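**Q** What follows is upload_26.tsv; its format and atoms are TSV, C-alpha atoms.
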chain	number	residue	atom	x	y	z
A	1	MET	CA	44.15	8.20	-6.12
A	2	LYS	CA	40.37	8.72	-6.01
A	3	ARG	CA	40.77	12.50	-6.27
A	4	ILE	CA	43.14	12.11	-9.24
A	5	LEU	CA	40.62	9.92	-11.07
A	6	ALA	CA	37.80	12.32	-10.31
A	7	ALA	CA	39.90	15.24	-11.52
A	8	LEU	CA	40.63	13.46	-14.81
A	9	LEU	CA	36.93	12.93	-15.44
A	10	LEU	CA	36.20	16.55	-14.57
A	11	VAL	CA	38.82	17.73	-17.05
A	12	CYS	CA	37.23	15.57	-19.75
A	13	LEU	CA	33.81	17.01	-18.98
A	14	ILE	CA	35.05	20.61	-18.99
A	15	LEU	CA	37.06	20.22	-22.20
A	16	SER	CA	34.08	18.64	-23.95
A	17	GLY	CA	31.96	21.64	-22.98
A	18	CYS	CA	29.32	19.47	-21.29
A	19	ALA	CA	27.30	20.92	-18.44
A	20	VAL	CA	26.10	18.44	-15.85
A	21	PRO	CA	22.48	18.40	-17.10
A	22	ALA	CA	23.69	17.08	-20.45
A	23	GLU	CA	25.77	14.29	-18.98
A	24	GLN	CA	22.79	11.94	-18.93
A	25	GLU	CA	22.87	12.01	-22.74
A	26	SER	CA	26.16	10.10	-22.84
A	27	PRO	CA	25.45	6.37	-23.17
A	28	GLY	CA	28.75	5.62	-21.48
A	29	ASN	CA	27.93	7.39	-18.21
A	30	LEU	CA	25.81	6.75	-15.16
A	31	VAL	CA	24.46	9.90	-13.53
A	32	ILE	CA	23.10	9.64	-9.98
A	33	HIS	CA	21.11	12.57	-8.64
A	34	PHE	CA	20.73	12.76	-4.86
A	35	ILE	CA	17.89	15.25	-4.99
A	36	ASP	CA	17.51	17.81	-2.20
A	37	VAL	CA	14.02	17.12	-0.85
A	38	ASP	CA	14.58	18.55	2.63
A	39	GLN	CA	14.23	15.91	5.40
A	40	ALA	CA	13.60	13.03	3.00
A	41	ASP	CA	15.15	10.76	0.37
A	42	CYS	CA	14.93	10.87	-3.41
A	43	ILE	CA	17.45	9.43	-5.86
A	44	LEU	CA	17.36	9.48	-9.65
A	45	MET	CA	19.72	7.33	-11.74
A	46	ILE	CA	20.14	7.71	-15.50
A	47	ALA	CA	22.30	5.40	-17.61
A	48	GLY	CA	21.82	6.13	-21.29
A	49	GLU	CA	18.10	5.58	-21.89
A	50	THR	CA	17.61	3.65	-18.64
A	51	THR	CA	16.06	5.49	-15.68
A	52	VAL	CA	15.77	4.22	-12.10
A	53	MET	CA	14.18	6.15	-9.24
A	54	ILE	CA	14.69	5.28	-5.56
A	55	ASP	CA	12.15	6.93	-3.22
A	56	GLY	CA	10.33	10.19	-3.87
A	57	GLY	CA	10.67	12.58	-0.95
A	58	ASN	CA	7.75	13.97	1.03
A	59	THR	CA	4.28	14.76	-0.26
A	60	GLY	CA	5.06	18.45	0.16
A	61	THR	CA	7.96	18.28	-2.30
A	62	SER	CA	6.24	15.98	-4.81
A	63	TRP	CA	5.77	18.66	-7.49
A	64	GLU	CA	9.37	19.80	-7.05
A	65	VAL	CA	10.49	16.22	-7.64
A	66	LEU	CA	8.33	15.95	-10.76
A	67	SER	CA	9.72	19.26	-12.03
A	68	TYR	CA	13.27	18.05	-11.37
A	69	LEU	CA	12.68	14.87	-13.37
A	70	GLN	CA	11.13	16.78	-16.23
A	71	ARG	CA	14.01	19.25	-16.21
A	72	PHE	CA	16.39	16.38	-16.85
A	73	GLY	CA	14.27	14.98	-19.63
A	74	VAL	CA	12.80	12.01	-17.78
A	75	ASP	CA	9.72	10.93	-19.73
A	76	GLN	CA	9.64	7.32	-18.55
A	77	ILE	CA	10.93	5.33	-15.58
A	78	ASP	CA	12.17	1.78	-16.06
A	79	LEU	CA	12.28	0.91	-12.35
A	80	MET	CA	10.72	2.78	-9.42
A	81	VAL	CA	11.74	1.67	-5.92
A	82	ASN	CA	10.16	2.61	-2.63
A	83	THR	CA	12.58	1.41	0.03
A	84	HIS	CA	9.84	1.48	2.69
A	85	PRO	CA	6.47	3.24	3.01
A	86	HIS	CA	7.33	6.04	5.44
A	87	GLY	CA	6.09	9.37	4.11
A	88	ASP	CA	9.56	10.89	3.66
A	89	HIS	CA	10.42	8.15	1.16
A	90	LEU	CA	7.03	7.41	-0.41
A	91	GLY	CA	5.43	10.88	-0.42
A	92	GLY	CA	6.28	12.08	-3.93
A	93	LEU	CA	5.93	8.78	-5.77
A	94	PRO	CA	2.15	8.91	-6.41
A	95	THR	CA	2.57	12.29	-8.16
A	96	VAL	CA	5.41	10.93	-10.28
A	97	LEU	CA	3.40	7.82	-11.15
A	98	ASN	CA	0.41	9.93	-12.13
A	99	ASN	CA	2.54	11.88	-14.60
A	100	ILE	CA	5.33	9.65	-15.91
A	101	PRO	CA	4.93	6.21	-17.53
A	102	THR	CA	6.68	3.56	-15.44
A	103	ASP	CA	7.57	-0.05	-16.29
A	104	GLU	CA	8.19	-1.71	-12.91
A	105	ILE	CA	7.70	-0.93	-9.21
A	106	TRP	CA	9.50	-2.46	-6.24
A	107	CYS	CA	8.53	-1.85	-2.62
A	108	SER	CA	9.44	-3.39	0.72
A	109	THR	CA	5.78	-4.30	1.21
A	110	THR	CA	2.61	-4.66	-0.82
A	111	GLY	CA	0.16	-4.49	2.07
A	112	TYR	CA	0.94	-1.41	4.16
A	113	SER	CA	-2.07	0.50	5.43
A	114	SER	CA	-2.04	4.27	5.09
A	115	ASN	CA	-3.77	6.90	2.98
A	116	LEU	CA	-0.47	7.64	1.27
A	117	PHE	CA	0.21	4.00	0.43
A	118	ASN	CA	-3.35	3.69	-0.90
A	119	SER	CA	-2.65	6.67	-3.17
A	120	PHE	CA	0.53	4.95	-4.30
A	121	LYS	CA	-1.37	1.76	-5.17
A	122	LYS	CA	-4.09	3.70	-7.00
A	123	ALA	CA	-1.47	5.53	-9.06
A	124	ALA	CA	0.09	2.17	-9.93
A	125	ASP	CA	-3.32	0.77	-10.85
A	126	ARG	CA	-3.88	3.64	-13.29
A	127	GLN	CA	-0.83	2.39	-15.20
A	128	ASP	CA	-1.96	-1.23	-14.78
A	129	LEU	CA	1.17	-1.94	-12.73
A	130	ASN	CA	1.69	-4.42	-9.92
A	131	ILE	CA	3.79	-3.44	-6.92
A	132	TYR	CA	6.38	-6.17	-6.36
A	133	HIS	CA	8.12	-7.06	-3.13
A	134	PRO	CA	11.44	-8.37	-4.49
A	135	ALA	CA	13.25	-11.12	-2.61
A	136	PRO	CA	16.96	-10.90	-1.79
A	137	GLY	CA	18.89	-11.79	-4.92
A	138	SER	CA	16.38	-10.15	-7.28
A	139	VAL	CA	18.16	-8.26	-10.06
A	140	PHE	CA	17.19	-5.48	-12.44
A	141	GLN	CA	19.67	-5.19	-15.30
A	142	GLU	CA	19.44	-2.74	-18.15
A	143	GLY	CA	21.57	-0.09	-19.87
A	144	GLY	CA	24.77	-1.34	-18.26
A	145	LEU	CA	23.18	-0.81	-14.85
A	146	SER	CA	22.69	-3.67	-12.38
A	147	VAL	CA	20.46	-3.28	-9.31
A	148	THR	CA	20.55	-6.21	-6.86
A	149	VAL	CA	18.38	-6.61	-3.76
A	150	LEU	CA	20.49	-7.56	-0.72
A	151	GLY	CA	17.85	-7.21	1.98
A	152	PRO	CA	15.84	-7.23	4.12
A	153	LEU	CA	16.63	-10.87	4.84
A	154	ASN	CA	13.44	-11.57	6.83
A	155	SER	CA	9.82	-11.14	5.81
A	156	THR	CA	8.68	-7.63	6.65
A	157	ASP	CA	6.21	-8.71	9.35
A	158	THR	CA	9.04	-10.06	11.52
A	159	TYR	CA	10.59	-6.63	12.14
A	160	THR	CA	9.47	-4.41	14.98
A	161	ASP	CA	10.71	-1.25	13.24
A	162	LEU	CA	9.54	-0.39	9.71
A	163	ASN	CA	12.94	1.18	9.04
A	164	ASP	CA	14.55	-2.27	9.19
A	165	THR	CA	12.27	-3.48	6.38
A	166	SER	CA	13.96	-1.05	3.97
A	167	LEU	CA	15.01	-2.56	0.66
A	168	VAL	CA	18.80	-2.64	0.52
A	169	LEU	CA	20.13	-2.23	-3.01
A	170	MET	CA	23.57	-2.73	-4.48
A	171	VAL	CA	23.93	-0.85	-7.76
A	172	GLN	CA	26.82	-1.69	-10.06
A	173	PHE	CA	27.95	0.17	-13.15
A	174	GLY	CA	31.21	-0.90	-14.71
A	175	GLN	CA	33.73	-1.35	-11.92
A	176	ARG	CA	31.88	0.90	-9.46
A	177	ARG	CA	29.42	-0.12	-6.74
A	178	PHE	CA	26.87	2.03	-4.91
A	179	LEU	CA	24.97	0.92	-1.80
A	180	PHE	CA	21.50	2.26	-0.94
A	181	THR	CA	20.00	1.27	2.41
A	182	GLY	CA	16.91	3.44	2.89
A	183	ASP	CA	16.40	3.85	6.65
A	184	MET	CA	17.83	0.45	7.62
A	185	GLU	CA	19.04	0.48	11.22
A	186	SER	CA	21.73	-1.44	13.05
A	187	PHE	CA	19.59	-4.56	13.69
A	188	ALA	CA	19.13	-5.25	9.96
A	189	GLU	CA	22.72	-4.16	9.30
A	190	GLN	CA	23.87	-6.93	11.65
A	191	GLN	CA	21.70	-9.47	9.81
A	192	LEU	CA	23.46	-8.64	6.54
A	193	LEU	CA	26.84	-8.92	8.25
A	194	SER	CA	25.94	-12.27	9.81
A	195	ALA	CA	24.92	-13.56	6.37
A	196	HIS	CA	28.41	-12.70	5.06
A	197	ILE	CA	26.98	-10.72	2.15
A	198	ASN	CA	29.49	-8.69	0.15
A	199	LEU	CA	28.65	-5.11	1.12
A	200	GLN	CA	31.75	-3.36	-0.24
A	201	ALA	CA	30.85	-0.24	-2.20
A	202	ASP	CA	32.62	2.83	-3.51
A	203	VAL	CA	29.73	5.10	-2.49
A	204	LEU	CA	27.39	4.66	0.48
A	205	LYS	CA	24.05	6.40	0.64
A	206	VAL	CA	24.26	6.86	4.39
A	207	GLY	CA	21.35	5.17	6.15
A	208	HIS	CA	18.44	6.93	7.86
A	209	HIS	CA	19.56	10.48	7.03
A	210	GLY	CA	22.70	10.07	9.12
A	211	SER	CA	20.91	8.94	12.28
A	212	TYR	CA	22.83	7.36	15.17
A	213	SER	CA	20.62	4.28	14.70
A	214	SER	CA	22.37	3.38	11.44
A	215	THR	CA	25.89	3.09	9.99
A	216	SER	CA	27.29	1.00	12.83
A	217	GLN	CA	31.05	0.63	12.94
A	218	ALA	CA	30.97	-3.01	11.86
A	219	PHE	CA	28.69	-2.17	8.93
A	220	LEU	CA	30.87	0.75	7.86
A	221	ASN	CA	33.94	-1.48	8.03
A	222	ALA	CA	32.27	-3.99	5.72
A	223	VAL	CA	31.16	-1.39	3.17
A	224	ASP	CA	34.48	0.46	3.27
A	225	PRO	CA	33.29	3.34	1.05
A	226	ASP	CA	35.40	6.15	-0.35
A	227	TYR	CA	32.40	8.49	-0.48
A	228	GLY	CA	29.18	8.93	1.46
A	229	VAL	CA	26.04	10.95	0.72
A	230	ILE	CA	23.67	12.09	3.47
A	231	SER	CA	20.19	13.29	2.53
A	232	CYS	CA	18.63	15.43	5.25
A	233	GLY	CA	16.95	18.78	5.78
A	234	ARG	CA	18.53	22.00	6.89
A	235	ASN	CA	18.02	22.55	10.65
A	236	ASN	CA	15.73	19.50	10.79
A	237	GLU	CA	13.91	18.64	14.01
A	238	TYR	CA	15.74	15.30	14.41
A	239	GLY	CA	19.21	16.84	14.44
A	240	HIS	CA	20.29	14.72	11.47
A	241	PRO	CA	22.99	13.91	10.75
A	242	HIS	CA	24.01	12.86	14.25
A	243	ASP	CA	27.57	13.29	15.44
A	244	ALA	CA	28.34	9.62	16.10
A	245	PRO	CA	27.92	8.29	12.53
A	246	VAL	CA	29.49	11.42	11.03
A	247	ASN	CA	32.51	10.96	13.28
A	248	ARG	CA	32.76	7.29	12.28
A	249	LEU	CA	32.63	8.24	8.62
A	250	ASN	CA	35.26	10.95	9.10
A	251	ARG	CA	37.60	8.58	10.95
A	252	ALA	CA	37.25	6.12	8.07
A	253	ASP	CA	38.34	8.90	5.65
A	254	VAL	CA	34.99	8.85	3.85
A	255	GLU	CA	34.46	11.99	1.78
A	256	LEU	CA	30.98	13.24	2.71
A	257	TYR	CA	28.37	15.10	0.65
A	258	ARG	CA	25.24	16.46	2.36
A	259	THR	CA	22.08	17.80	0.78
A	260	ASP	CA	21.37	20.04	3.79
A	261	LEU	CA	24.63	21.90	3.18
A	262	MET	CA	25.12	21.48	-0.58
A	263	GLY	CA	21.68	21.11	-2.11
A	264	SER	CA	21.23	18.36	-4.67
A	265	VAL	CA	24.36	16.29	-5.28
A	266	VAL	CA	25.08	14.79	-8.70
A	267	LEU	CA	27.54	11.93	-9.22
A	268	VAL	CA	28.83	11.16	-12.72
A	269	THR	CA	30.75	7.99	-13.53
A	270	ASN	CA	31.87	6.17	-16.64
A	271	GLY	CA	32.19	2.96	-14.63
A	272	GLU	CA	35.72	3.77	-13.51
A	273	GLU	CA	36.22	7.46	-12.60
A	274	LEU	CA	33.83	9.28	-10.28
A	275	ALA	CA	33.06	13.00	-10.20
A	276	PHE	CA	30.70	14.96	-7.96
A	277	PHE	CA	28.82	18.15	-8.80
A	278	LEU	CA	26.93	20.32	-6.33
A	279	GLU	CA	23.83	22.41	-6.74
A	280	THR	CA	24.81	26.05	-6.86
A	281	ALA	CA	23.85	28.03	-3.76
A	282	ASN	CA	20.75	25.91	-3.03
A	283	THR	CA	18.65	28.19	-5.22
A	284	ASN	CA	15.84	26.68	-7.25
A	285	LEU	CA	18.03	24.09	-8.96
A	286	THR	CA	19.46	26.79	-11.19
A	287	GLY	CA	22.80	25.14	-11.85
A	288	TYR	CA	25.65	22.97	-10.63
A	289	GLU	CA	29.30	23.44	-9.93
A	290	LYS	CA	32.04	20.87	-9.60
A	291	ALA	CA	32.93	19.74	-6.11
A	292	ALA	CA	36.21	21.08	-4.80
Could you render the structure from this file as structure tokens?
**A**
Amino acid sequence: MKRILAALLLVCLILSGCAVPAEQESPGNLVIHFIDVDQADCILMIAGETTVMIDGGNTGTSWEVLSYLQRFGVDQIDLMVNTHPHGDHLGGLPTVLNNIPTDEIWCSTTGYSSNLFNSFKKAADRQDLNIYHPAPGSVFQEGGLSVTVLGPLNSTDTYTDLNDTSLVLMVQFGQRRFLFTGDMESFAEQQLLSAHINLQADVLKVGHHGSYSSTSQAFLNAVDPDYGVISCGRNNEYGHPHDAPVNRLNRADVELYRTDLMGSVVLVTNGEELAFFLETANTNLTGYEKAA
């Protein structure tokens, strides 16, 4: 059924003559860009005139991220989220903040100590913005898009691993739900399960670049996604994605999209049907083609 629905949306897009870059102009669609930033995370969501950014890749790809946003006409950001302050999630955000007006910033912490985080705070200061640490249950709602914080459930200083402090976000648009977990590992996954939080989602942004430390079987069972997206670098030094979580996802019949193999992945939904488009040949973001 999911492939039939996706095919129907694709037919509508093709018949209307719309290329993927123009899809963000439709007020009835949500477009989610899983941007290829090598061994890092960067997600851009556009719903009509509402723009949400989750993480910003590495420092080394910061200007590529900015160029990508500008290419898709992003001239303001309503909500910027840093799931946690590791460099492969935070790195590009200071550059974006220094160049694009932003309304609100969420982060898993407001007091991390690093040169990069200091740059992030200075960039926020230049826009006279506070960096908020949203509590579970916090909601951003605009343009038909709802972003709800599910975790972390504990204060950040109680975790021994910074990955487990990652902000966990449930995004809803129409009837569709999308779960973003940053680098959350199995310890924090179990906390969410023990709290009996509704984790079901149609699309899972697979945790920690597909590491064995995330996407436990119990967590995957609770999310029960139809699709998964893994953001990782080609031939990366960590061997991401690891075989164990990929095998679990395959056994659960989750259709996987990977930035290391496919380049940037773009998801388009009208709140019911879902369609995926893939960056063509991983070459300088020159174009997209529909997923097979």
**Q** Report as a tab-separated table the residues of stretch 139-165 of chain A within 8 Å of stretch 66-90 of chain A, each with its shortest atom pair and distance in Å (one decimal), using only C-alpha atoms, ordered by chain and increasing residue number.
**A**
residue	atom	partner	partner_atom	distance
A:Leu162	CA	A:His84	CA	7.3
A:Asn163	CA	A:His84	CA	7.1
A:Thr165	CA	A:His84	CA	6.6
**Q** Show me the residues close to (27.8, 11.6, -1.4) - anything with an atom within 12 Å, counting only C-alpha atoms - and format the list as a count of residues only.
**A** 46
**Q** Residues of stretch 157-222 of chain A within 10 Å of stretch 109-115 of chain A: nearest atom pair and distance (Å, one decimal) for each, counting all atoms listed in the file, sorted by chain and number, as JSON lines?
**A**
{"residue": "A:Asp157", "atom": "CA", "partner": "A:Thr109", "partner_atom": "CA", "distance": 9.3}
{"residue": "A:Thr165", "atom": "CA", "partner": "A:Thr109", "partner_atom": "CA", "distance": 8.3}
{"residue": "A:Ser166", "atom": "CA", "partner": "A:Thr109", "partner_atom": "CA", "distance": 9.2}
{"residue": "A:Leu167", "atom": "CA", "partner": "A:Thr109", "partner_atom": "CA", "distance": 9.4}
**Q** Could you work out how far atom CA of A:His196 lies from atom CA of A:Tyr159, giving the answer in Å with one decimal?
**A**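 That distance, rounded to one decimal, is 20.1 Å.
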**Q** Rank A:Thr148, A:Thr50, A:Asn270, A:Thr215 by their smallest atom-to-atom distance to A:Asp243, using only C-alpha atoms, and report the top residue only.
**A**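 Looking only at the distances to A:Asp243, the closest residue turns out to be A:Thr215.
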**Q** For A:Ser186, work out the shell of residues within 7 Å, counting only C-alpha atoms and skipping chain neighbours fewer than 5 positions away, then give it as a list in words.
**A**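 The neighbour list is Ser213, Ser214, Thr215 and Ser216 of chain A.
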**Q** Restricting the output to C-alpha atoms, write the selected residues as a compact mmCIF listing (two decimals), in the coordinates of the input.
**A**
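See result33.txt below for the written result:
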# COMPACT_ATOMS: atom_id res chain seq x y z
CA SER A 213 20.62 4.28 14.70
CA SER A 214 22.37 3.38 11.44
CA THR A 215 25.89 3.09 9.99
CA SER A 216 27.29 1.00 12.83
**Q** Any idea what the distance is between atom CA of A:Asn235 and atom CA of A:Asn247?
**A** 18.7 Å
**Q** Can I get the residues of stretch 47-88 of chain A within 7 Å of stretch 126-143 of chain A, each with the closest pair of atoms and their distance in Å to one decimal, using all atoms listed in the file, sorted chain first then ascending number, as a Markdown table?
**A**
| residue | atom | partner | partner_atom | distance |
| --- | --- | --- | --- | --- |
| A:Ala47 | CA | A:Gly143 | CA | 6.0 |
| A:Gly48 | CA | A:Gly143 | CA | 6.4 |
| A:Glu49 | CA | A:Gly143 | CA | 6.9 |
| A:Thr50 | CA | A:Gly143 | CA | 5.6 |
**Q** Tell me, in Å to one decimal, how far atom CA of A:Ser146 is from atom CA of A:Gln172.
**A**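 A separation of 5.1 Å between them.
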**Q** Counting only C-alpha atoms, which of A:Leu220, A:Leu97, A:Leu153, A:Ala40 gets nearest to A:Asp125?
**A** A:Leu97
**Q** Using only C-alpha atoms, which residue out of A:Ala188, A:Leu93, A:Leu150, A:Leu44 lies closest to A:Gly56?
**A**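 For A:Gly56, the nearest of the given residues is A:Leu93.
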**Q** Between A:Phe173, A:Phe187, A:Phe117, A:Trp106, which residue has the minimum interatomic distance to A:Asp161, considering all atoms listed in the file?
**A**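 Closest to A:Asp161 of all the choices is A:Phe187.
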